Structures are given as C-alpha cells and as structure tokens.
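Here's model13.cif, which has mmCIF, C-alpha atoms:
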```
data_coords
#
loop_
_atom_site.label_atom_id
_atom_site.label_comp_id
_atom_site.auth_asym_id
_atom_site.auth_seq_id
_atom_site.Cartn_x
_atom_site.Cartn_y
_atom_site.Cartn_z
CA MET A 1 18.48 13.30 4.54
CA GLY A 2 16.49 10.13 4.10
CA LYS A 3 15.06 7.91 1.44
CA LEU A 4 11.33 7.61 0.83
CA THR A 5 9.93 4.85 -1.33
CA ILE A 6 6.38 5.43 -2.54
CA GLY A 7 4.38 2.67 -4.19
CA CYS A 8 1.10 3.65 -5.79
CA PHE A 9 -1.27 1.17 -7.46
CA SER A 10 -4.14 3.52 -8.25
CA SER A 11 -5.24 4.81 -11.65
CA LEU A 12 -4.01 8.08 -13.07
CA VAL A 13 -7.56 9.33 -13.42
CA GLY A 14 -10.19 8.76 -10.80
CA SER A 15 -8.95 8.46 -7.25
CA MET A 16 -6.37 11.27 -7.05
CA ASN A 17 -4.04 8.92 -5.17
CA LEU A 18 -1.37 9.50 -7.81
CA ASP A 19 -1.85 13.26 -7.47
CA PHE A 20 -1.21 12.88 -3.74
CA SER A 21 1.81 10.63 -4.30
CA VAL A 22 3.44 12.96 -6.80
CA LYS A 23 2.90 16.01 -4.60
CA LEU A 24 4.39 14.15 -1.64
CA ALA A 25 7.35 13.08 -3.76
CA SER A 26 7.85 16.67 -4.86
CA ALA A 27 7.75 18.00 -1.29
CA ALA A 28 10.24 15.35 -0.14
CA ILE A 29 12.64 16.12 -2.99
CA GLU A 30 12.41 19.85 -2.24
CA LYS A 31 13.59 19.05 1.29
CA GLY A 32 16.57 17.10 -0.04
CA HIS A 33 15.29 13.57 0.44
CA LYS A 34 15.78 10.81 -2.11
CA VAL A 35 12.51 9.49 -3.51
CA ASP A 36 11.87 6.26 -5.39
CA PHE A 37 8.45 6.00 -6.98
CA TRP A 38 6.95 2.65 -7.99
CA VAL A 39 3.72 2.28 -9.91
CA SER A 40 2.03 -1.07 -10.35
CA GLY A 41 -1.41 -2.30 -11.37
CA ASN A 42 -3.52 0.55 -12.73
CA GLY A 43 -0.89 2.96 -11.44
CA THR A 44 1.25 2.12 -14.49
CA MET A 45 -1.01 4.51 -16.39
CA LEU A 46 1.20 7.26 -14.98
CA SER A 47 4.14 6.04 -17.07
CA ILE A 48 2.42 6.58 -20.43
CA LYS A 49 3.50 9.54 -22.48
CA GLY A 50 1.20 11.90 -24.34
CA GLN A 51 -1.17 12.66 -21.46
CA LYS A 52 -3.33 15.58 -22.55
CA ALA A 53 -3.72 18.30 -19.96
CA PHE A 54 -7.50 18.49 -19.85
CA LYS A 55 -8.66 20.32 -16.75
CA ASP A 56 -11.26 17.69 -15.91
CA TYR A 57 -8.71 14.88 -15.75
CA THR A 58 -5.58 14.34 -13.73
CA HIS A 59 -2.51 14.96 -15.87
CA LEU A 60 0.86 14.40 -14.25
CA GLU A 61 3.26 13.77 -17.14
CA LYS A 62 4.80 17.25 -17.07
CA THR A 63 5.19 17.23 -13.30
CA VAL A 64 6.76 13.78 -13.27
CA LYS A 65 9.23 14.78 -15.99
CA GLU A 66 10.24 17.83 -13.97
CA LEU A 67 10.67 15.74 -10.83
CA MET A 68 12.84 13.25 -12.69
CA THR A 69 15.19 16.11 -13.60
CA LYS A 70 15.39 16.84 -9.85
CA GLY A 71 16.32 13.28 -8.96
CA LEU A 72 13.07 11.33 -8.76
CA THR A 73 13.48 7.70 -9.78
CA ALA A 74 10.18 6.55 -11.28
CA THR A 75 9.64 2.92 -12.23
CA ALA A 76 6.63 1.05 -13.54
CA CYS A 77 5.83 -2.64 -13.15
CA GLU A 78 6.64 -4.00 -16.59
CA ALA A 79 4.17 -6.90 -16.51
CA CYS A 80 1.35 -4.66 -15.25
CA ALA A 81 2.08 -2.18 -18.04
CA GLU A 82 2.31 -4.79 -20.79
CA ALA A 83 -0.94 -6.40 -19.61
CA ARG A 84 -2.62 -3.06 -20.26
CA GLY A 85 -1.02 -2.54 -23.66
CA TYR A 86 1.40 0.08 -22.35
CA HIS A 87 4.58 -0.69 -24.23
CA LYS A 88 8.09 0.64 -23.91
CA GLU A 89 7.69 2.92 -26.91
CA ASN A 90 4.70 4.60 -25.20
CA THR A 91 6.55 5.20 -21.97
CA ILE A 92 7.66 8.64 -20.75
CA GLU A 93 11.36 9.10 -21.41
CA GLY A 94 13.33 8.30 -18.26
CA PHE A 95 10.48 6.36 -16.67
CA LYS A 96 11.94 2.91 -15.95
CA ARG A 97 10.22 -0.45 -16.29
CA HIS A 98 11.15 -3.42 -14.14
CA SER A 99 9.71 -6.50 -12.47
CA MET A 100 8.17 -6.34 -9.01
CA ASP A 101 11.40 -7.18 -7.22
CA TRP A 102 12.66 -3.68 -8.10
CA TYR A 103 10.10 -2.26 -5.67
CA LEU A 104 11.22 -4.56 -2.90
CA ALA A 105 14.86 -3.75 -3.60
CA SER A 106 14.05 -0.06 -3.32
CA ILE A 107 12.31 -0.69 -0.01
CA PHE A 108 15.35 -2.62 1.22
CA ASP A 109 17.29 0.54 2.07
CA ALA A 110 14.40 3.00 2.36
CA ASP A 111 13.96 4.91 5.59
CA ARG A 112 10.25 5.27 5.04
CA VAL A 113 7.80 3.42 2.79
CA LEU A 114 4.35 4.64 1.83
CA HIS A 115 2.42 1.97 -0.02
CA ILE A 116 -0.84 3.13 -1.55
CA GLY A 117 -2.98 0.29 -2.83
CA GLY A 118 -5.18 0.49 -5.86
CA GLU A 119 -8.87 0.49 -6.47
CA MET B 1 24.62 -8.37 5.42
CA ALA B 2 21.21 -7.01 6.24
CA THR B 3 17.62 -8.15 6.12
CA THR B 4 14.59 -5.95 5.59
CA LYS B 5 11.35 -7.52 6.73
CA LEU B 6 8.08 -6.59 5.05
CA GLY B 7 4.52 -7.24 6.15
CA PHE B 8 1.92 -7.57 3.38
CA ILE B 9 -1.57 -7.09 4.79
CA VAL B 10 -4.49 -8.07 2.57
CA GLN B 11 -7.84 -6.63 3.64
CA ARG B 12 -9.98 -6.80 0.49
CA PRO B 13 -11.79 -9.72 -1.14
CA PRO B 14 -10.35 -11.16 -4.36
CA TYR B 15 -11.06 -10.49 -8.05
CA LYS B 16 -13.15 -7.30 -7.88
CA SER B 17 -9.95 -5.54 -6.85
CA GLU B 18 -6.50 -6.33 -8.24
CA ASN B 19 -5.01 -5.51 -4.85
CA PRO B 20 -4.98 -8.97 -3.26
CA LYS B 21 -3.31 -10.57 -6.27
CA LEU B 22 -0.72 -7.79 -6.43
CA ALA B 23 -0.01 -8.33 -2.75
CA LEU B 24 0.74 -11.97 -3.47
CA THR B 25 2.83 -11.38 -6.59
CA HIS B 26 4.84 -8.62 -4.93
CA ALA B 27 5.41 -10.82 -1.88
CA ILE B 28 6.57 -13.62 -4.17
CA ALA B 29 9.02 -11.16 -5.74
CA SER B 30 10.92 -11.17 -2.44
CA GLN B 31 12.41 -14.43 -3.71
CA SER B 32 14.14 -12.77 -6.67
CA VAL B 33 15.08 -9.42 -5.17
CA GLU B 34 18.67 -10.51 -4.49
CA ILE B 35 19.65 -9.63 -8.05
CA TYR B 36 19.42 -5.98 -7.03
CA LEU B 37 21.14 -6.37 -3.63
CA ASN B 38 24.62 -7.02 -2.32
CA ASP B 39 25.63 -10.56 -1.39
CA GLY B 40 24.00 -11.59 1.87
CA ASP B 41 21.38 -8.86 1.86
CA MET B 42 17.79 -9.97 1.64
CA VAL B 43 14.14 -8.98 1.82
CA THR B 44 11.61 -11.19 3.56
CA ALA B 45 7.84 -11.06 3.14
CA ASP B 46 5.18 -12.14 5.62
CA LEU B 47 1.56 -12.19 4.44
CA ALA B 48 -1.54 -11.68 6.53
CA PHE B 49 -5.18 -11.88 5.49
CA ILE B 50 -7.48 -9.82 7.67
CA GLY B 51 -11.04 -8.53 7.56
CA ASP B 52 -12.74 -9.22 4.25
CA GLY B 53 -9.30 -10.25 2.98
CA VAL B 54 -9.74 -13.72 4.53
CA LEU B 55 -12.18 -14.43 1.67
CA ASN B 56 -9.14 -14.73 -0.61
CA CYS B 57 -8.29 -17.96 1.17
CA ILE B 58 -11.46 -19.92 0.43
CA LYS B 59 -10.45 -23.06 -1.43
CA ASN B 60 -11.69 -24.63 -4.67
CA GLN B 61 -11.58 -21.35 -6.60
CA LYS B 62 -12.31 -21.81 -10.31
CA ALA B 63 -11.00 -18.54 -11.76
CA MET B 64 -9.04 -20.30 -14.51
CA GLU B 65 -12.04 -22.33 -15.62
CA ASN B 66 -14.37 -19.34 -15.73
CA TYR B 67 -12.20 -16.36 -16.64
CA GLY B 68 -8.86 -17.83 -17.73
CA LEU B 69 -7.13 -16.25 -14.75
CA THR B 70 -4.77 -17.74 -12.20
CA SER B 71 -6.76 -18.04 -9.00
CA THR B 72 -5.84 -16.27 -5.83
CA GLU B 73 -5.84 -19.73 -4.27
CA SER B 74 -3.03 -20.76 -6.64
CA HIS B 75 -1.02 -17.70 -5.72
CA ILE B 76 -1.40 -18.49 -2.04
CA LYS B 77 -0.11 -21.99 -2.72
CA SER B 78 2.85 -20.45 -4.55
CA THR B 79 3.74 -18.40 -1.49
CA LEU B 80 3.68 -21.57 0.61
CA MET B 81 5.94 -23.32 -1.90
CA LEU B 82 8.40 -20.45 -1.42
CA ASP B 83 8.26 -20.83 2.37
CA LEU B 84 6.67 -17.45 3.01
CA SER B 85 4.80 -17.09 6.28
CA VAL B 86 1.06 -16.78 5.63
CA PHE B 87 -1.26 -15.75 8.44
CA VAL B 88 -5.06 -15.76 8.40
CA CYS B 89 -7.01 -13.95 11.11
CA ARG B 90 -9.02 -16.39 13.19
CA GLU B 91 -11.58 -13.83 14.39
CA ASP B 92 -12.35 -12.82 10.82
CA LEU B 93 -12.77 -16.43 9.70
CA ASP B 94 -15.14 -16.92 12.63
CA LYS B 95 -17.09 -13.81 11.61
CA PHE B 96 -17.83 -15.43 8.24
CA GLY B 97 -18.52 -18.84 9.76
CA LEU B 98 -15.43 -20.25 8.03
CA SER B 99 -13.08 -22.84 9.45
CA GLU B 100 -9.69 -24.24 8.48
CA ASP B 101 -11.57 -26.85 6.42
CA ASP B 102 -12.88 -24.09 4.16
CA ILE B 103 -9.60 -22.37 3.30
CA VAL B 104 -6.27 -23.08 1.67
CA MET B 105 -4.08 -24.46 4.43
CA ASP B 106 -1.21 -26.06 2.53
CA ALA B 107 0.31 -26.86 -0.86
CA GLU B 108 1.37 -30.41 -0.11
CA GLU B 109 0.59 -31.50 -3.67
CA PHE B 110 3.46 -29.23 -4.79
CA GLY B 111 5.81 -30.36 -2.06
CA ALA B 112 5.40 -27.31 0.16
CA GLU B 113 6.29 -27.92 3.79
CA VAL B 114 5.03 -24.58 5.10
CA LYS B 115 1.37 -24.32 6.10
CA VAL B 116 -1.00 -21.41 6.55
CA LYS B 117 -1.20 -20.25 10.16
CA VAL B 118 -4.66 -19.35 11.43
CA VAL B 119 -3.98 -17.01 14.32
CA PRO B 120 -5.73 -14.40 16.46
CA PHE B 121 -5.36 -10.81 15.30
CA SER B 122 -3.01 -10.17 18.23
CA GLU B 123 -0.46 -12.45 16.50
CA ILE B 124 -0.80 -10.46 13.28
CA ASN B 125 -0.27 -7.26 15.24
CA LYS B 126 2.89 -8.83 16.65
CA MET B 127 4.10 -9.58 13.13
CA MET B 128 3.35 -6.00 12.11
CA GLU B 129 5.52 -4.77 14.98
CA GLU B 130 8.40 -7.03 14.01
CA VAL B 131 8.64 -6.06 10.35
CA ASN B 132 10.44 -2.97 9.07
CA HIS B 133 7.70 -1.77 6.73
CA LEU B 134 4.00 -2.40 6.19
CA LEU B 135 2.20 -2.65 2.88
CA PHE B 136 -1.60 -2.67 3.11
CA PHE B 137 -3.48 -3.94 0.09
CA MET C 1 6.04 0.92 17.06
CA LYS C 2 5.58 4.50 15.93
CA LEU C 3 2.83 4.18 13.36
CA ALA C 4 1.29 6.81 11.11
CA VAL C 5 -1.97 5.80 9.48
CA PHE C 6 -3.16 7.71 6.44
CA VAL C 7 -6.94 7.73 6.39
CA SER C 8 -7.99 8.50 2.82
CA ASP C 9 -11.68 7.49 2.85
CA TYR C 10 -14.58 8.80 4.83
CA LYS C 11 -16.46 5.60 5.64
CA ASN C 12 -14.80 2.29 5.17
CA THR C 13 -11.49 2.41 7.01
CA VAL C 14 -12.62 2.53 10.61
CA ASP C 15 -12.65 -1.22 11.36
CA THR C 16 -9.04 -1.81 10.36
CA LEU C 17 -7.85 1.29 12.15
CA ASP C 18 -9.58 0.21 15.35
CA ARG C 19 -7.50 -2.96 15.43
CA LEU C 20 -4.07 -1.48 14.88
CA LYS C 21 -1.90 -1.18 17.98
CA ALA C 22 1.01 1.19 18.34
CA GLU C 23 2.90 2.81 21.20
CA LYS C 24 2.70 6.04 19.24
CA LEU C 25 -0.15 6.44 16.78
CA GLY C 26 -0.62 9.28 14.34
CA ILE C 27 -3.73 9.56 12.18
CA ILE C 28 -3.26 11.66 9.08
CA PHE C 29 -6.42 12.63 7.24
CA VAL C 30 -5.87 12.99 3.50
CA ALA C 31 -8.13 12.91 0.44
CA ASN C 32 -11.72 12.15 1.54
CA GLY C 33 -10.37 11.22 4.95
CA VAL C 34 -10.38 14.94 5.77
CA TYR C 35 -14.15 14.72 6.28
CA HIS C 36 -13.37 12.87 9.51
CA ALA C 37 -11.59 15.99 10.68
CA THR C 38 -14.38 18.35 9.78
CA MET C 39 -17.85 16.87 9.56
CA LYS C 40 -20.36 16.07 12.28
CA GLU C 41 -23.12 13.54 11.80
CA ASP C 42 -26.19 14.17 13.96
CA GLY C 43 -24.06 16.60 15.91
CA ASN C 44 -21.32 14.07 16.64
CA SER C 45 -17.72 14.25 15.50
CA SER C 46 -16.14 11.24 13.78
CA PRO C 47 -15.53 8.39 16.24
CA LEU C 48 -11.97 8.31 14.94
CA LEU C 49 -11.29 11.54 16.81
CA LYS C 50 -11.94 9.73 20.09
CA LYS C 51 -8.95 7.46 19.57
CA SER C 52 -5.75 7.92 21.53
CA ALA C 53 -3.68 9.42 18.74
CA ASP C 54 -2.25 12.58 17.32
CA PHE C 55 -4.39 13.90 14.48
CA TYR C 56 -3.33 15.74 11.36
CA ALA C 57 -5.15 16.85 8.22
CA LEU C 58 -3.67 17.90 4.92
CA SER C 59 -4.43 21.55 4.21
CA GLU C 60 -4.45 21.12 0.44
CA ASP C 61 -7.11 18.39 0.68
CA LEU C 62 -9.19 20.41 3.17
CA ASP C 63 -9.09 23.47 0.92
CA THR C 64 -9.86 21.42 -2.18
CA ARG C 65 -13.13 20.33 -0.52
CA GLY C 66 -14.08 23.76 0.83
CA LEU C 67 -13.30 22.69 4.39
CA GLY C 68 -10.38 24.96 5.22
CA SER C 69 -11.92 26.63 8.25
CA LYS C 70 -13.97 23.78 9.67
CA THR C 71 -11.34 21.53 11.21
CA ASP C 72 -11.93 20.01 14.65
CA SER C 73 -9.73 21.61 17.31
CA SER C 74 -8.03 18.27 18.03
CA VAL C 75 -6.62 18.14 14.50
CA LYS C 76 -3.43 19.88 13.44
CA VAL C 77 -3.52 21.16 9.88
CA ILE C 78 -0.33 20.50 7.91
CA ASN C 79 0.77 21.01 4.32
CA TYR C 80 2.82 18.64 2.15
CA SER C 81 6.07 20.07 3.47
CA GLY C 82 4.91 19.46 7.04
CA LEU C 83 3.80 15.98 6.05
CA VAL C 84 7.30 15.11 4.86
CA ASP C 85 8.74 16.26 8.19
CA LEU C 86 6.13 14.24 10.05
CA ILE C 87 6.95 11.12 8.07
CA PHE C 88 10.69 11.34 8.61
CA ASN C 89 10.82 12.76 12.13
CA GLU C 90 7.87 11.39 14.08
CA TYR C 91 6.95 7.96 12.74
CA GLU C 92 8.72 4.79 11.62
CA LYS C 93 6.01 2.89 9.76
CA LEU C 94 3.33 4.18 7.46
CA VAL C 95 0.00 2.59 6.58
CA TRP C 96 -2.42 3.84 3.92
CA LEU C 97 -6.08 2.99 4.44
#
```
For the structure just supplied, provide its representation as structure tokens.
Amino acid sequence: MGKLTIGCFSSLVGSMNLDFSVKLASAAIEKGHKVDFWVSGNGTMLSIKGQKAFKDYTHLEKTVKELMTKGLTATACEACAEARGYHKENTIEGFKRHSMDWYLASIFDADRVLHIGGE
Amino acid sequence: MATTKLGFIVQRPPYKSENPKLALTHAIASQSVEIYLNDGDMVTADLAFIGDGVLNCIKNQKAMENYGLTSTESHIKSTLMLDLSVFVCREDLDKFGLSEDDIVMDAEEFGAEVKVKVVPFSEINKMMEEVNHLLFF
Amino acid sequence: MKLAVFVSDYKNTVDTLDRLKAEKLGIIFVANGVYHATMKEDGNSSPLLKKSADFYALSEDLDTRGLGSKTDSSVKVINYSGLVDLIFNEYEKLVWL
C-alpha cells in the first residue's frame, strides 16, 4: 500500500475541488492507502467546525470526521487559517494546524502527490 | 539520508489569485522542513514561472504602498536569498514583450548570490522531469 | 516521466497541457474537464482528444452533469476507486490544471 498526499487550496463552497479531494481521499483509504490531507489558502475553510448541511452548499465536516476515524490525517495551514479568523477553538476536533513545512514534510515520503491549487 | 525534489510551477498572474504567493511561501518552507525529518533528509524546491505566471516577476511592484501587502516581487527575492532555483520562461516573457530588464533578476541588495534564470520552456520541462513531484499553482 | 494530468476546466487549461512532455501521458477529465470528453463544438471534438495520451473521465463528474452516456469512444470512464488504482499503478507524477 502507498501513501498519497493531497494538497487542496480551494474554498469549501464554490469550486467543488474539496469535494473531489475528500472523495479521492476516501477511495484511497478504502483501498488501504495512507492519506495525508493538507489545506491551505481558502481551503482552510474545510477545517472549521459547525458547517451546516444545507443542500445548496458543500458540507464536508461529517465526512472528514468519519475519514479521520479511518486514518486520514488532515492538517490546515495555521497562518492561512488565522488570517481568515479561523482560530483553534473553531477547528474540527482532530484537524491539525501547522506551518507550511508540514505539507512538504508529508510530501517527503509520499508515493504520490496531488496538489490542487486554489481560485 | 534522502532528498525529495519538488517543482513549483506558477502559471497565474499575481494578486487576483492567492496561488502565486502560496507557491512562493510553500517553496520557502522547504528551508524549515527539516524539523519534521530525520537527520540528513531534506526537501528541495525549484520554482518556475510560466505562461501568465511570468507577470509575477515584473519588478517595482508597490503592493505594500497600495494595499499593505508584501509584494510578490519581495517573495521572489526571498527565494533567491534562500538559494532556491528560480526559472522564468523565455518564450512567455517574449510573448509579453518583456525582457530581463523588466523583471526581478536578483536580490543583491540582500546579499543573495543566486540569480533568476531566464530559460526556454524546454529547460523547465527538464526540471519537471528531474523532480519527484510537481505542484502547479 | 509517467505523467497524469487532471483537467478540471473546460476552456483555460489547453495551453499549459500542450507544452507538457512525458514518455507516458494520461489525461484525466474531472469536474468541468469532463466536457472535453463529451461535447462537440461545431461538430468537432475537443482538440485535447487529438493528443497522444490515454484518456479517462470520472464517472461521478460525468453523471453529475448529465453526461453519463455521451463520452467519446477514446475516453475510458472510471470511478474514484479506479482513479486511485490509476494514480498508484500507472503514473508517477500528478498535475492538476
């Protein structure tokens, strides 16, 4: 089994890039792969707790929480989050916050890297 | 001891999108990644500006004066100070009628010895082949 | 290099893709990129389909857009599970456009 590192910099609502990333992460985990998930820029919106599940808006909090119980490591860029007013106390439990070098360290021993830029 | 080489490819103009700046700041983070790695292991970052991305490199940017933001130009100089390899696509500069006189080429004022390399796209393709992973911004 | 390029937009990714060189190239249509795999403009398929590459399209994104049965014959339809296998077994580097 391999390791996949996904970086996604797109907003939670709008582009559906995070929807794609989370579904890919889920499929990889189901097949036994290790998945690290990094969100930076507007992608840090994914790390915020209390997302309401309106059917007109992407809502991934529940899915991400379930994936974390299956081994997903999810980490948000701390500076990107703080710049947007997303503080530690608003972060989904288990969702980590680190500086950008965490992403590069995850890539260091990844077998595959999918980097999805933002808007 | 192992090295993982990354290629950061910037293809969008600055400011309207956060992408180019995040490419630069993430590339700069390659200098502090060792805290997560074993002794001797490292991550290197090469940067390439292609397509509309070469517009990031135009010098005399006044983002701080106008919006209170660190300019993309300053970030490029920071990468040079950290000895990262920075490539700019010659064909794309030509397309915009830009020359080396119009873009950031060095950070000598900060003591950087590394300079920007203006190269044909074939050289950037070569870099992309040599790295382990690609990150397009 | 063995390169898989994710094409996620319909219009504005063609220039960059044209310049990428790889000994083995896979083009994976996802999100609005799936229109390349399905739509014809003035009777012509997307110029991307003329490239020397293996083509794939994500079934979930085709179905989401009502395009499930309209895929060009040169394109293999895969689901997320198939996409994971493709990523790990067929290609070494991944690019998202």
Env of segment 31-39 of chain C: 12 Å cut, atoms = all atoms listed in the file, seq-sep filter 3 positions within chain, self excluded. Answer as a PDB file with C-alpha atoms, keeping the file's coordinate frame.
```
ATOM      1  CA  SER A  15      -8.950   8.460  -7.250  1.00  0.00           C
ATOM      2  CA  MET A  16      -6.370  11.270  -7.050  1.00  0.00           C
ATOM      3  CA  ASN A  17      -4.040   8.920  -5.170  1.00  0.00           C
ATOM      4  CA  LEU A  18      -1.370   9.500  -7.810  1.00  0.00           C
ATOM      5  CA  ASP A  19      -1.850  13.260  -7.470  1.00  0.00           C
ATOM      6  CA  PHE A  20      -1.210  12.880  -3.740  1.00  0.00           C
ATOM      7  CA  SER A  21       1.810  10.630  -4.300  1.00  0.00           C
TER       8      SER A  21
ATOM      9  CA  VAL C   5      -1.970   5.800   9.480  1.00  0.00           C
ATOM     10  CA  PHE C   6      -3.160   7.710   6.440  1.00  0.00           C
ATOM     11  CA  VAL C   7      -6.940   7.730   6.390  1.00  0.00           C
ATOM     12  CA  SER C   8      -7.990   8.500   2.820  1.00  0.00           C
ATOM     13  CA  ASP C   9     -11.680   7.490   2.850  1.00  0.00           C
ATOM     14  CA  TYR C  10     -14.580   8.800   4.830  1.00  0.00           C
ATOM     15  CA  LYS C  11     -16.460   5.600   5.640  1.00  0.00           C
ATOM     16  CA  ASN C  12     -14.800   2.290   5.170  1.00  0.00           C
ATOM     17  CA  THR C  13     -11.490   2.410   7.010  1.00  0.00           C
ATOM     18  CA  VAL C  14     -12.620   2.530  10.610  1.00  0.00           C
ATOM     19  CA  ILE C  27      -3.730   9.560  12.180  1.00  0.00           C
ATOM     20  CA  ILE C  28      -3.260  11.660   9.080  1.00  0.00           C
ATOM     21  CA  ASP C  42     -26.190  14.170  13.960  1.00  0.00           C
ATOM     22  CA  GLY C  43     -24.060  16.600  15.910  1.00  0.00           C
ATOM     23  CA  ASN C  44     -21.320  14.070  16.640  1.00  0.00           C
ATOM     24  CA  SER C  45     -17.720  14.250  15.500  1.00  0.00           C
ATOM     25  CA  SER C  46     -16.140  11.240  13.780  1.00  0.00           C
ATOM     26  CA  PRO C  47     -15.530   8.390  16.240  1.00  0.00           C
ATOM     27  CA  LEU C  48     -11.970   8.310  14.940  1.00  0.00           C
ATOM     28  CA  LEU C  49     -11.290  11.540  16.810  1.00  0.00           C
ATOM     29  CA  LYS C  50     -11.940   9.730  20.090  1.00  0.00           C
ATOM     30  CA  ASP C  54      -2.250  12.580  17.320  1.00  0.00           C
ATOM     31  CA  PHE C  55      -4.390  13.900  14.480  1.00  0.00           C
ATOM     32  CA  TYR C  56      -3.330  15.740  11.360  1.00  0.00           C
ATOM     33  CA  ALA C  57      -5.150  16.850   8.220  1.00  0.00           C
ATOM     34  CA  LEU C  58      -3.670  17.900   4.920  1.00  0.00           C
ATOM     35  CA  SER C  59      -4.430  21.550   4.210  1.00  0.00           C
ATOM     36  CA  GLU C  60      -4.450  21.120   0.440  1.00  0.00           C
ATOM     37  CA  ASP C  61      -7.110  18.390   0.680  1.00  0.00           C
ATOM     38  CA  LEU C  62      -9.190  20.410   3.170  1.00  0.00           C
ATOM     39  CA  ASP C  63      -9.090  23.470   0.920  1.00  0.00           C
ATOM     40  CA  THR C  64      -9.860  21.420  -2.180  1.00  0.00           C
ATOM     41  CA  ARG C  65     -13.130  20.330  -0.520  1.00  0.00           C
ATOM     42  CA  GLY C  66     -14.080  23.760   0.830  1.00  0.00           C
ATOM     43  CA  LEU C  67     -13.300  22.690   4.390  1.00  0.00           C
ATOM     44  CA  GLY C  68     -10.380  24.960   5.220  1.00  0.00           C
ATOM     45  CA  SER C  69     -11.920  26.630   8.250  1.00  0.00           C
ATOM     46  CA  LYS C  70     -13.970  23.780   9.670  1.00  0.00           C
ATOM     47  CA  THR C  71     -11.340  21.530  11.210  1.00  0.00           C
ATOM     48  CA  ASP C  72     -11.930  20.010  14.650  1.00  0.00           C
ATOM     49  CA  SER C  73      -9.730  21.610  17.310  1.00  0.00           C
ATOM     50  CA  SER C  74      -8.030  18.270  18.030  1.00  0.00           C
ATOM     51  CA  VAL C  75      -6.620  18.140  14.500  1.00  0.00           C
ATOM     52  CA  LYS C  76      -3.430  19.880  13.440  1.00  0.00           C
ATOM     53  CA  VAL C  77      -3.520  21.160   9.880  1.00  0.00           C
ATOM     54  CA  ILE C  78      -0.330  20.500   7.910  1.00  0.00           C
ATOM     55  CA  TRP C  96      -2.420   3.840   3.920  1.00  0.00           C
ATOM     56  CA  LEU C  97      -6.080   2.990   4.440  1.00  0.00           C
TER      57      LEU C  97
END
```
Item to complete: Report as a PyMOL selection string the full result of the PyMOL selection byres ((chain B) within 9 of (chain C)) when it is applied to this structure.
Response: chain B and resi 11+50-51+121-122+125+128-130+132-137
Worksheet entry | Chain and number of each residue from the PyMOL selection byres ((chain B) within 8 of (chain A)), as a count of residues only | 22
Discussion item. Show me the residues around (13.5, 12.8, -0.4) - criterion: an atom at most 10 Å away, all atoms listed in the file counted - as a ChimeraX atom specification.
Written reply: /A:1-5,24-36,71-72,111-112 /C:84,88
Practice prompt. Starting from the shown file, work through the PyMOL selection byres ((chain B and resi 81-84) around 6) and note down what comes out as a PyMOL selection string.
Written response: chain B and resi 78-80+85+112+114
Kindly reconstruct segment 38-57 of chain B with N, CA and C atoms and present the result as a tab-separated table (two decimals), keeping the file's coordinate frame.
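Below is the file result-v5.tsv, written as the result:
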```tsv
chain	number	residue	atom	x	y	z
B	38	ASN	N	23.28	-6.48	-2.55
B	38	ASN	CA	24.62	-7.02	-2.32
B	38	ASN	C	24.52	-8.44	-1.75
B	39	ASP	N	25.60	-9.19	-1.91
B	39	ASP	CA	25.63	-10.56	-1.39
B	39	ASP	C	25.28	-10.58	0.10
B	40	GLY	N	24.37	-11.45	0.47
B	40	GLY	CA	24.00	-11.59	1.87
B	40	GLY	C	22.82	-10.74	2.29
B	41	ASP	N	22.55	-9.68	1.55
B	41	ASP	CA	21.38	-8.86	1.86
B	41	ASP	C	20.11	-9.54	1.36
B	42	MET	N	19.03	-9.34	2.08
B	42	MET	CA	17.79	-9.97	1.64
B	42	MET	C	16.54	-9.22	2.11
B	43	VAL	N	15.45	-9.52	1.45
B	43	VAL	CA	14.14	-8.98	1.82
B	43	VAL	C	13.23	-10.16	2.11
B	44	THR	N	12.56	-10.12	3.27
B	44	THR	CA	11.61	-11.19	3.56
B	44	THR	C	10.19	-10.62	3.53
B	45	ALA	N	9.24	-11.49	3.23
B	45	ALA	CA	7.84	-11.06	3.14
B	45	ALA	C	6.96	-11.99	3.97
B	46	ASP	N	6.23	-11.42	4.92
B	46	ASP	CA	5.18	-12.14	5.62
B	46	ASP	C	3.84	-11.64	5.09
B	47	LEU	N	2.89	-12.54	4.96
B	47	LEU	CA	1.56	-12.19	4.44
B	47	LEU	C	0.51	-12.41	5.51
B	48	ALA	N	-0.43	-11.48	5.60
B	48	ALA	CA	-1.54	-11.68	6.53
B	48	ALA	C	-2.85	-11.30	5.86
B	49	PHE	N	-3.83	-12.15	6.01
B	49	PHE	CA	-5.18	-11.88	5.49
B	49	PHE	C	-6.07	-11.50	6.66
B	50	ILE	N	-6.64	-10.30	6.58
B	50	ILE	CA	-7.48	-9.82	7.67
B	50	ILE	C	-8.79	-9.26	7.11
B	51	GLY	N	-9.76	-9.11	7.99
B	51	GLY	CA	-11.04	-8.53	7.56
B	51	GLY	C	-11.63	-9.30	6.40
B	52	ASP	N	-12.18	-8.57	5.44
B	52	ASP	CA	-12.74	-9.22	4.25
B	52	ASP	C	-11.66	-9.94	3.43
B	53	GLY	N	-10.41	-9.62	3.70
B	53	GLY	CA	-9.30	-10.25	2.98
B	53	GLY	C	-9.22	-11.75	3.19
B	54	VAL	N	-9.79	-12.27	4.30
B	54	VAL	CA	-9.74	-13.72	4.53
B	54	VAL	C	-10.51	-14.47	3.44
B	55	LEU	N	-11.40	-13.77	2.73
B	55	LEU	CA	-12.18	-14.43	1.67
B	55	LEU	C	-11.30	-14.86	0.50
B	56	ASN	N	-10.10	-14.28	0.40
B	56	ASN	CA	-9.14	-14.73	-0.61
B	56	ASN	C	-8.74	-16.18	-0.42
B	57	CYS	N	-8.87	-16.66	0.81
B	57	CYS	CA	-8.29	-17.96	1.17
B	57	CYS	C	-9.26	-19.13	1.00
```
